[in-house]
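Asks: As input, take entry-v5.cif (mmCIF, C-alpha atoms):
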```cif
data_start
#
loop_
_atom_site.group_PDB
_atom_site.id
_atom_site.type_symbol
_atom_site.label_atom_id
_atom_site.label_comp_id
_atom_site.auth_asym_id
_atom_site.auth_seq_id
_atom_site.Cartn_x
_atom_site.Cartn_y
_atom_site.Cartn_z
ATOM 1 C CA MET I 290 -21.939 -27.260 38.769
ATOM 2 C CA LYS I 291 -23.578 -27.503 42.220
ATOM 3 C CA ASN I 292 -24.192 -31.214 41.741
ATOM 4 C CA THR I 293 -20.513 -31.671 40.825
ATOM 5 C CA VAL I 294 -19.389 -29.812 43.925
ATOM 6 C CA LYS I 295 -21.792 -31.736 46.116
ATOM 7 C CA THR I 296 -20.559 -35.087 44.765
ATOM 8 C CA PHE I 297 -16.937 -34.097 45.251
ATOM 9 C CA PHE I 298 -17.706 -32.724 48.698
ATOM 10 C CA SER I 299 -19.344 -35.908 49.941
ATOM 11 C CA ALA I 300 -16.575 -38.067 48.452
ATOM 12 C CA CYS I 301 -13.761 -36.114 50.129
ATOM 13 C CA ALA I 302 -14.567 -35.533 53.770
ATOM 14 C CA MET I 303 -18.085 -34.532 54.848
ATOM 15 C CA SER I 304 -17.332 -34.691 58.548
ATOM 16 C CA ALA I 305 -14.203 -32.553 58.230
ATOM 17 C CA MET I 306 -16.014 -29.917 56.222
ATOM 18 C CA LEU I 307 -18.927 -29.852 58.670
ATOM 19 C CA MET I 308 -16.431 -28.935 61.349
ATOM 20 C CA SER I 309 -15.133 -26.188 59.088
ATOM 21 C CA GLY I 310 -18.671 -24.924 58.667
ATOM 22 C CA ALA I 311 -19.175 -24.928 62.400
ATOM 23 C CA ALA I 312 -16.006 -22.911 62.812
ATOM 24 C CA LEU I 313 -17.278 -20.359 60.311
ATOM 25 C CA ILE I 314 -20.537 -19.939 62.206
ATOM 26 C CA ALA I 315 -18.906 -19.797 65.648
ATOM 27 C CA PRO I 316 -17.651 -16.176 65.366
ATOM 28 C CA GLN I 317 -21.198 -14.983 64.676
ATOM 29 C CA THR I 318 -22.523 -16.535 67.884
ATOM 30 C CA ALA I 319 -19.567 -15.207 69.844
ATOM 31 C CA GLN I 320 -20.335 -11.623 68.834
ATOM 32 C CA ALA I 321 -23.846 -11.726 70.268
ATOM 33 C CA GLU I 322 -24.194 -14.138 73.156
ATOM 34 C CA ASP I 323 -27.958 -13.635 73.443
ATOM 35 C CA VAL I 324 -28.536 -14.818 69.861
ATOM 36 C CA THR I 325 -28.795 -18.522 69.147
ATOM 37 C CA ILE I 326 -28.275 -19.662 65.557
ATOM 38 C CA THR I 327 -29.810 -22.985 64.641
ATOM 39 C CA MET I 328 -29.413 -24.616 61.274
ATOM 40 C CA SER I 329 -30.803 -27.857 59.948
ATOM 41 C CA GLU I 330 -28.402 -30.444 58.565
ATOM 42 C CA ASP I 331 -29.604 -29.714 55.035
ATOM 43 C CA ALA I 332 -29.191 -25.973 55.538
ATOM 44 C CA LEU I 333 -25.749 -26.436 57.007
ATOM 45 C CA GLY I 334 -24.825 -28.640 54.071
ATOM 46 C CA ASP I 335 -26.068 -26.013 51.620
ATOM 47 C CA PHE I 336 -24.153 -23.335 53.494
ATOM 48 C CA ILE I 337 -20.897 -25.285 53.376
ATOM 49 C CA GLN I 338 -21.445 -26.234 49.748
ATOM 50 C CA SER I 339 -21.943 -22.589 48.868
ATOM 51 C CA TYR I 340 -18.874 -21.599 50.847
ATOM 52 C CA LEU I 341 -16.718 -24.202 49.100
ATOM 53 C CA PHE I 342 -18.058 -23.158 45.712
ATOM 54 C CA GLU I 343 -16.973 -19.602 46.416
ATOM 55 C CA ASN I 344 -13.735 -20.616 48.177
ATOM 56 C CA PRO I 345 -12.351 -23.724 46.403
ATOM 57 C CA GLU I 346 -8.962 -23.190 48.074
ATOM 58 C CA ALA I 347 -10.584 -24.405 51.306
ATOM 59 C CA VAL I 348 -10.972 -27.854 49.745
ATOM 60 C CA VAL I 349 -7.325 -27.895 48.707
ATOM 61 C CA LYS I 350 -6.179 -26.857 52.199
ATOM 62 C CA ALA I 351 -8.388 -29.460 53.866
ATOM 63 C CA LEU I 352 -7.081 -32.234 51.613
ATOM 64 C CA GLN I 353 -3.483 -31.119 52.137
ATOM 65 C CA GLU I 354 -3.969 -31.216 55.895
ATOM 66 C CA TYR I 355 -5.597 -34.631 55.630
ATOM 67 C CA ASP I 356 -2.667 -35.910 53.547
ATOM 68 C CA ARG I 357 -0.167 -34.493 56.052
ATOM 69 C CA LYS I 358 -1.871 -36.232 58.970
ATOM 70 C CA GLN I 359 -2.077 -39.487 57.032
ATOM 71 C CA LYS I 360 1.658 -39.394 56.349
ATOM 72 C CA GLU I 361 2.380 -38.655 60.011
ATOM 73 C CA GLN I 362 0.293 -41.635 61.074
ATOM 74 C CA GLU I 363 1.999 -43.862 58.506
ATOM 75 C CA GLN I 364 5.439 -42.788 59.755
ATOM 76 C CA GLU I 365 4.440 -43.475 63.363
ATOM 77 C CA ALA I 366 3.108 -46.929 62.475
ATOM 78 C CA PHE I 367 6.248 -47.610 60.421
ATOM 79 C CA GLN I 368 8.578 -46.579 63.260
ATOM 80 C CA ASP I 369 6.767 -48.857 65.699
ATOM 81 C CA LYS I 370 7.316 -51.830 63.387
ATOM 82 C CA LEU I 371 10.828 -50.838 62.356
ATOM 83 C CA SER I 372 12.166 -51.439 65.851
ATOM 84 C CA ASP I 373 11.182 -55.097 65.474
ATOM 85 C CA TYR I 374 13.232 -55.448 62.287
ATOM 86 C CA LYS I 375 16.334 -53.341 62.960
ATOM 87 C CA ASP I 376 18.608 -56.339 63.428
ATOM 88 C CA ASP I 377 17.058 -58.285 60.543
ATOM 89 C CA LEU I 378 17.614 -55.378 58.159
ATOM 90 C CA THR I 379 21.228 -54.741 59.132
ATOM 91 C CA ASN I 380 22.402 -58.338 59.522
ATOM 92 C CA SER I 381 22.289 -61.029 56.873
ATOM 93 C CA ASN I 382 24.168 -64.083 55.683
ATOM 94 C CA PHE I 383 24.453 -62.256 52.354
ATOM 95 C CA PRO I 384 26.647 -59.144 52.612
ATOM 96 C CA THR I 385 25.056 -56.436 50.481
ATOM 97 C CA VAL I 386 26.749 -53.398 52.003
ATOM 98 C CA ALA I 387 28.287 -50.435 50.203
ATOM 99 C CA GLY I 388 30.122 -47.413 51.543
ATOM 100 C CA ASN I 389 31.532 -47.264 55.059
ATOM 101 C CA GLU I 390 30.641 -50.433 56.962
ATOM 102 C CA ASN I 391 31.159 -48.514 60.214
ATOM 103 C CA GLY I 392 29.328 -45.392 59.073
ATOM 104 C CA ASP I 393 27.366 -43.346 61.605
ATOM 105 C CA VAL I 394 24.223 -43.357 59.415
ATOM 106 C CA THR I 395 22.698 -46.342 57.630
ATOM 107 C CA VAL I 396 20.726 -45.971 54.422
ATOM 108 C CA ILE I 397 18.656 -49.021 53.475
ATOM 109 C CA GLU I 398 17.224 -49.316 49.984
ATOM 110 C CA PHE I 399 14.644 -51.815 48.774
ATOM 111 C CA PHE I 400 14.994 -52.075 45.018
ATOM 112 C CA ASP I 401 14.283 -54.071 41.867
ATOM 113 C CA TYR I 402 16.772 -54.388 38.990
ATOM 114 C CA ASN I 403 14.024 -53.729 36.448
ATOM 115 C CA CYS I 404 12.770 -50.581 38.164
ATOM 116 C CA GLY I 405 13.528 -47.374 36.243
ATOM 117 C CA TYR I 406 13.358 -45.197 39.342
ATOM 118 C CA CYS I 407 15.685 -47.622 41.130
ATOM 119 C CA LYS I 408 18.244 -47.018 38.391
ATOM 120 C CA ARG I 409 17.909 -43.281 38.956
ATOM 121 C CA GLY I 410 18.178 -43.897 42.694
ATOM 122 C CA TYR I 411 21.365 -45.876 42.089
ATOM 123 C CA ASN I 412 22.972 -42.784 40.548
ATOM 124 C CA GLU I 413 21.875 -40.678 43.527
ATOM 125 C CA LEU I 414 23.306 -43.229 45.956
ATOM 126 C CA GLN I 415 26.597 -43.266 44.093
ATOM 127 C CA THR I 416 26.785 -39.490 44.413
ATOM 128 C CA LEU I 417 25.960 -39.737 48.112
ATOM 129 C CA LEU I 418 28.735 -42.261 48.699
ATOM 130 C CA ASP I 419 31.189 -40.041 46.834
ATOM 131 C CA GLN I 420 30.249 -36.995 48.926
ATOM 132 C CA ASP I 421 29.745 -38.570 52.357
ATOM 133 C CA LYS I 422 32.364 -41.065 53.492
ATOM 134 C CA ASN I 423 30.578 -41.824 56.761
ATOM 135 C CA VAL I 424 27.449 -43.448 55.340
ATOM 136 C CA ARG I 425 26.707 -47.154 55.226
ATOM 137 C CA VAL I 426 24.323 -48.354 52.497
ATOM 138 C CA ILE I 427 22.545 -51.702 52.785
ATOM 139 C CA LEU I 428 20.903 -52.884 49.584
ATOM 140 C CA GLN I 429 17.846 -55.068 50.031
ATOM 141 C CA GLU I 430 16.882 -57.252 47.082
ATOM 142 C CA TYR I 431 13.121 -56.802 46.612
ATOM 143 C CA PRO I 432 12.284 -58.236 43.151
ATOM 144 C CA ILE I 433 8.587 -57.522 42.649
ATOM 145 C CA LEU I 434 8.266 -56.515 38.995
ATOM 146 C CA SER I 435 8.923 -59.716 37.057
ATOM 147 C CA GLU I 436 10.448 -63.174 37.032
ATOM 148 C CA SER I 437 13.607 -61.713 35.487
ATOM 149 C CA SER I 438 13.835 -59.429 38.522
ATOM 150 C CA VAL I 439 13.817 -62.496 40.762
ATOM 151 C CA LEU I 440 16.483 -64.181 38.647
ATOM 152 C CA ALA I 441 18.696 -61.082 38.735
ATOM 153 C CA SER I 442 18.374 -60.884 42.518
ATOM 154 C CA LYS I 443 19.292 -64.540 42.865
ATOM 155 C CA TYR I 444 22.484 -64.041 40.868
ATOM 156 C CA ALA I 445 23.330 -60.848 42.763
ATOM 157 C CA LEU I 446 23.002 -62.602 46.112
ATOM 158 C CA ALA I 447 25.064 -65.482 44.772
ATOM 159 C CA ALA I 448 27.761 -62.976 43.809
ATOM 160 C CA SER I 449 27.872 -61.828 47.431
ATOM 161 C CA LYS I 450 29.068 -65.303 48.344
ATOM 162 C CA GLN I 451 32.190 -64.542 46.302
ATOM 163 C CA ASP I 452 32.551 -61.082 47.891
ATOM 164 C CA LYS I 453 31.669 -59.325 44.648
ATOM 165 C CA TYR I 454 28.101 -58.287 45.311
ATOM 166 C CA PHE I 455 28.530 -54.569 44.767
ATOM 167 C CA GLU I 456 30.515 -55.001 41.546
ATOM 168 C CA PHE I 457 27.766 -57.240 40.190
ATOM 169 C CA HIS I 458 25.086 -54.850 41.455
ATOM 170 C CA VAL I 459 26.743 -51.976 39.598
ATOM 171 C CA ALA I 460 26.982 -54.036 36.407
ATOM 172 C CA LEU I 461 23.260 -54.826 36.498
ATOM 173 C CA MET I 462 22.195 -51.293 37.399
ATOM 174 C CA GLU I 463 24.178 -49.893 34.501
ATOM 175 C CA TYR I 464 22.785 -52.448 32.039
ATOM 176 C CA SER I 465 19.529 -51.380 30.394
ATOM 177 C CA GLY I 466 18.588 -54.557 28.545
ATOM 178 C CA ALA I 467 16.662 -57.664 29.592
ATOM 179 C CA LYS I 468 18.153 -59.576 32.524
ATOM 180 C CA THR I 469 18.280 -63.036 30.972
ATOM 181 C CA GLU I 470 20.365 -65.780 32.522
ATOM 182 C CA GLU I 471 22.803 -65.503 29.605
ATOM 183 C CA ILE I 472 23.295 -61.801 30.286
ATOM 184 C CA LEU I 473 23.688 -62.389 34.031
ATOM 185 C CA ILE I 474 26.400 -64.962 33.359
ATOM 186 C CA GLU I 475 28.080 -62.626 30.896
ATOM 187 C CA LYS I 476 28.195 -59.836 33.488
ATOM 188 C CA ALA I 477 29.499 -62.281 36.071
ATOM 189 C CA GLU I 478 32.309 -63.357 33.752
ATOM 190 C CA ASP I 479 33.231 -59.705 33.184
ATOM 191 C CA ILE I 480 33.973 -59.235 36.881
ATOM 192 C CA GLY I 481 35.747 -62.557 37.324
ATOM 193 C CA LEU I 482 33.195 -64.668 39.179
ATOM 194 C CA ASP I 483 33.356 -68.455 39.383
ATOM 195 C CA ILE I 484 30.403 -69.240 37.111
ATOM 196 C CA ASP I 485 29.819 -72.831 38.214
ATOM 197 C CA GLN I 486 29.713 -71.791 41.863
ATOM 198 C CA LEU I 487 27.600 -68.765 40.992
ATOM 199 C CA LYS I 488 24.941 -70.887 39.305
ATOM 200 C CA LYS I 489 24.886 -73.313 42.182
ATOM 201 C CA ASP I 490 24.444 -70.543 44.755
ATOM 202 C CA ALA I 491 21.915 -68.620 42.650
ATOM 203 C CA HIS I 492 19.543 -71.576 42.546
ATOM 204 C CA SER I 493 20.098 -72.621 46.159
ATOM 205 C CA GLU I 494 17.417 -72.763 48.828
ATOM 206 C CA ALA I 495 19.457 -70.297 50.912
ATOM 207 C CA VAL I 496 19.177 -67.585 48.259
ATOM 208 C CA LYS I 497 15.473 -68.264 47.763
ATOM 209 C CA ALA I 498 14.921 -68.011 51.525
ATOM 210 C CA GLU I 499 16.790 -64.688 51.660
ATOM 211 C CA ILE I 500 14.585 -63.141 48.977
ATOM 212 C CA ASN I 501 11.478 -64.403 50.772
ATOM 213 C CA ARG I 502 12.785 -63.049 54.095
ATOM 214 C CA VAL I 503 13.364 -59.542 52.756
ATOM 215 C CA SER I 504 10.048 -59.555 50.890
ATOM 216 C CA SER I 505 8.198 -60.534 54.061
ATOM 217 C CA ILE I 506 9.838 -57.727 56.039
ATOM 218 C CA ALA I 507 9.095 -55.188 53.317
ATOM 219 C CA ARG I 508 5.430 -56.127 53.177
ATOM 220 C CA ASP I 509 5.079 -55.983 56.952
ATOM 221 C CA LEU I 510 6.659 -52.523 56.971
ATOM 222 C CA GLY I 511 4.125 -51.394 54.390
ATOM 223 C CA ILE I 512 6.601 -51.166 51.505
ATOM 224 C CA ARG I 513 4.634 -51.971 48.368
ATOM 225 C CA GLY I 514 6.886 -50.589 45.634
ATOM 226 C CA THR I 515 10.439 -49.762 44.685
ATOM 227 C CA PRO I 516 12.543 -47.914 45.392
ATOM 228 C CA ALA I 517 11.948 -47.374 49.096
ATOM 229 C CA PHE I 518 14.526 -45.893 51.450
ATOM 230 C CA ILE I 519 14.968 -46.140 55.190
ATOM 231 C CA ILE I 520 17.343 -43.573 56.680
ATOM 232 C CA GLY I 521 17.667 -43.846 60.419
ATOM 233 C CA ASP I 522 14.053 -44.313 61.491
ATOM 234 C CA TYR I 523 12.579 -42.412 58.552
ATOM 235 C CA MET I 524 10.992 -44.187 55.606
ATOM 236 C CA ALA I 525 10.655 -42.592 52.180
ATOM 237 C CA PRO I 526 8.562 -44.633 49.738
ATOM 238 C CA GLY I 527 9.778 -43.662 46.311
ATOM 239 C CA TYR I 528 12.659 -42.036 44.503
ATOM 240 C CA MET I 529 14.909 -39.646 46.444
ATOM 241 C CA THR I 530 17.430 -37.153 45.126
ATOM 242 C CA VAL I 531 20.849 -36.984 46.739
ATOM 243 C CA ASP I 532 19.939 -33.616 48.277
ATOM 244 C CA GLN I 533 16.847 -35.126 49.879
ATOM 245 C CA MET I 534 18.926 -37.987 51.255
ATOM 246 C CA LYS I 535 21.523 -35.579 52.627
ATOM 247 C CA GLN I 536 18.844 -33.536 54.369
ATOM 248 C CA VAL I 537 17.342 -36.588 56.099
ATOM 249 C CA ILE I 538 20.847 -37.757 57.041
ATOM 250 C CA ALA I 539 21.687 -34.327 58.488
ATOM 251 C CA ASP I 540 18.454 -34.346 60.519
ATOM 252 C CA HIS I 541 19.221 -37.834 61.805
ATOM 253 C CA ARG I 542 22.731 -36.867 62.853
ATOM 254 C CA GLU I 543 21.442 -33.770 64.608
ATOM 255 C CA ASN I 544 18.919 -35.829 66.540
ATOM 256 C CA GLN I 545 21.651 -38.251 67.605
ATOM 257 C CA ASP I 546 23.821 -35.486 69.109
#
```
Could you take the file, read its structure, and then write that structure out as structure tokens?

Replies:
Amino acid sequence: MKNTVKTFFSACAMSAMLMSGAALIAPQTAQAEDVTITMSEDALGDFIQSYLFENPEAVVKALQEYDRKQKEQEQEAFQDKLSDYKDDLTNSNFPTVAGNENGDVTVIEFFDYNCGYCKRGYNELQTLLDQDKNVRVILQEYPILSESSVLASKYALAASKQDKYFEFHVALMEYSGAKTEEILIEKAEDIGLDIDQLKKDAHSEAVKAEINRVSSIARDLGIRGTPAFIIGDYMAPGYMTVDQMKQVIADHRENQD
């Protein structure tokens, strides 16, 4: 068991735990100023190992604190980069906006049509838009899961050229089957799109460049998966419930007052 603990201990954070050990010893020296306690590195390591063996919750607390600090640093790095992309994320030649275009809070979602959690996120966003009429949602096509994801994004962006992006987006999010070109055309026909023009736009260099542009921004912001949400200057990598979105939105509005 001691070997297991020692392996885990060294893999997690030796330096952090050494500091913890020093903190545990410090009160003893403070109680008797004329006594000096010296401990070899091996002895100190054995002491800390023994302490952790008897107090495993200390490991959990240390790792939780480490995770918290990591997330804080990631948010700070993200916010520094976000300022460089604010205009690029809110302005595009392809209108992909839902909700109130003049809303006081903007929610940006990076998503993939073949992502199960994105489909769940779609339902949460719909609820948010129903409950908050002062939110603007910008949908960023980020097809990273498959070639069919790329094809679906191309057709969705092409639909925006006929001012029917959101209707097409809804049709694809609510469809659970494979996104073949035949299915994409079928969904486009259902909402009254000009199919010849749609095909032409879907396979245009402009649409390809838009997907590459958004993908480049996402990667530079550190977004590696879908869904990912940006609300104000806060980034949440992963699925969010409507209540979580509303809380971040409320915090953002409070900070703007």

Asks: Where does the PyMOL selection byres ((chain I and resi 431) around 7) land in this file, that is, which residues does it pick, as a list in words?

Replies: Phe399, Phe400, Asp401, Gln429, Glu430, Pro432, Ile433, Ile500, Val503 and Ser504 of chain I

Asks: In terms of the shortest atom-to-atom distance over all atoms listed in the file, which of I:Ser449, I:Ser493, I:Thr416, I:Ser435 is closest to Asp532 in chain I?

Replies: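 For Asp532 in chain I, the nearest of the given residues is I:Thr416.
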
Asks: List, as a PyMOL selection string, every residue that the PyMOL selection byres ((chain I and resi 519-522) around 6) selects in the file provided.

Replies: chain I and resi 396-397+518+523-524

Asks: Name the residues that the PyMOL selection byres ((chain I and resi 443) around 10) pulls out of this structure, and write them as a PDB file with C-alpha atoms, in the coordinates of the input.

Replies:
```
ATOM      1  CA  GLU I 430      16.882 -57.252  47.082  1.00  0.00           C
ATOM      2  CA  PRO I 432      12.284 -58.236  43.151  1.00  0.00           C
ATOM      3  CA  SER I 437      13.607 -61.713  35.487  1.00  0.00           C
ATOM      4  CA  SER I 438      13.835 -59.429  38.522  1.00  0.00           C
ATOM      5  CA  VAL I 439      13.817 -62.496  40.762  1.00  0.00           C
ATOM      6  CA  LEU I 440      16.483 -64.181  38.647  1.00  0.00           C
ATOM      7  CA  ALA I 441      18.696 -61.082  38.735  1.00  0.00           C
ATOM      8  CA  SER I 442      18.374 -60.884  42.518  1.00  0.00           C
ATOM      9  CA  TYR I 444      22.484 -64.041  40.868  1.00  0.00           C
ATOM     10  CA  ALA I 445      23.330 -60.848  42.763  1.00  0.00           C
ATOM     11  CA  LEU I 446      23.002 -62.602  46.112  1.00  0.00           C
ATOM     12  CA  ALA I 447      25.064 -65.482  44.772  1.00  0.00           C
ATOM     13  CA  ALA I 448      27.761 -62.976  43.809  1.00  0.00           C
ATOM     14  CA  LEU I 487      27.600 -68.765  40.992  1.00  0.00           C
ATOM     15  CA  LYS I 488      24.941 -70.887  39.305  1.00  0.00           C
ATOM     16  CA  ASP I 490      24.444 -70.543  44.755  1.00  0.00           C
ATOM     17  CA  ALA I 491      21.915 -68.620  42.650  1.00  0.00           C
ATOM     18  CA  HIS I 492      19.543 -71.576  42.546  1.00  0.00           C
ATOM     19  CA  SER I 493      20.098 -72.621  46.159  1.00  0.00           C
ATOM     20  CA  ALA I 495      19.457 -70.297  50.912  1.00  0.00           C
ATOM     21  CA  VAL I 496      19.177 -67.585  48.259  1.00  0.00           C
ATOM     22  CA  LYS I 497      15.473 -68.264  47.763  1.00  0.00           C
ATOM     23  CA  GLU I 499      16.790 -64.688  51.660  1.00  0.00           C
ATOM     24  CA  ILE I 500      14.585 -63.141  48.977  1.00  0.00           C
TER      25      ILE I 500
END
```

Asks: For CA of Phe383 in chain I and CA of His458 in chain I, quote the distance in Å rounded to one decimal.

Replies: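 Straight-line distance from CA of Phe383 in chain I to CA of His458 in chain I works out to 13.2 Å.
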
Asks: Nearest to Pro516 in chain I: which of I:Gln486, I:Asn382, I:Asn403, I:Asn344 is it, counting all atoms listed in the file?

Replies: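 Selected residue with least distance to Pro516 in chain I: I:Asn403.
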
Asks: Which residues are close to Ala387 in chain I, i.e. within 9 Å by all atoms listed in the file, leaving aside same-chain residues fewer than 5 positions away? Reply as a PyMOL selection string.

Replies: chain I and resi 418+424-428+455

Asks: Report the distance between CA of Glu413 in chain I and CA of Asp373 in chain I in Å, rounded to one decimal place.

Replies: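 Straight-line distance from CA of Glu413 in chain I to CA of Asp373 in chain I works out to 28.4 Å.
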
Asks: What gap, in Å, lies between CA of Val459 in chain I and CA of Tyr411 in chain I?

Replies: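 Value for the CA of Val459 in chain I-CA of Tyr411 in chain I distance: 8.5 Å.
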
Asks: Between I:Phe336, I:Tyr374, I:Tyr355, I:Phe342, which has the minimum distance to Ser505 in chain I (counting all atoms listed in the file)?

Replies: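 With all atoms listed in the file as the atom set, the closest residue is I:Tyr374.
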
Asks: Asn412 in chain I: which residues within 12 Å, counting only C-alpha atoms, same-chain residues fewer than 3 positions away excluded, as JSON, numbers by chain?

Replies: {"I": [405, 406, 407, 408, 409, 415, 416, 417, 418, 419, 459, 462, 463, 528, 529, 530, 531]}

Asks: Between I:Lys453, I:Gln536, I:Ala517, I:Leu352, single out the one closest to Glu478 in chain I, counting all atoms listed in the file.

Replies: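 Among the listed residues, I:Lys453 lies closest to Glu478 in chain I.
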
Asks: Emit as AutoDock Vina command-line options the padded axis-aligned box for all listed atoms of range 419-436 of chain I, 5 Å per side, with centre and edge lengths in Å to one decimal.

Replies:
```
--center_x 20.3 --center_y -50.1 --center_z 46.9 --size_x 34.1 --size_y 36.2 --size_z 29.7
```

Asks: Smallest atom-to-atom distance to Leu378 in chain I: which of I:Asp479, I:Glu343, I:Glu398, I:Asp331, using only C-alpha atoms?

Replies: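 Going through I:Asp479, I:Glu343, I:Glu398, I:Asp331 one by one, the smallest distance to Leu378 in chain I is for I:Glu398.
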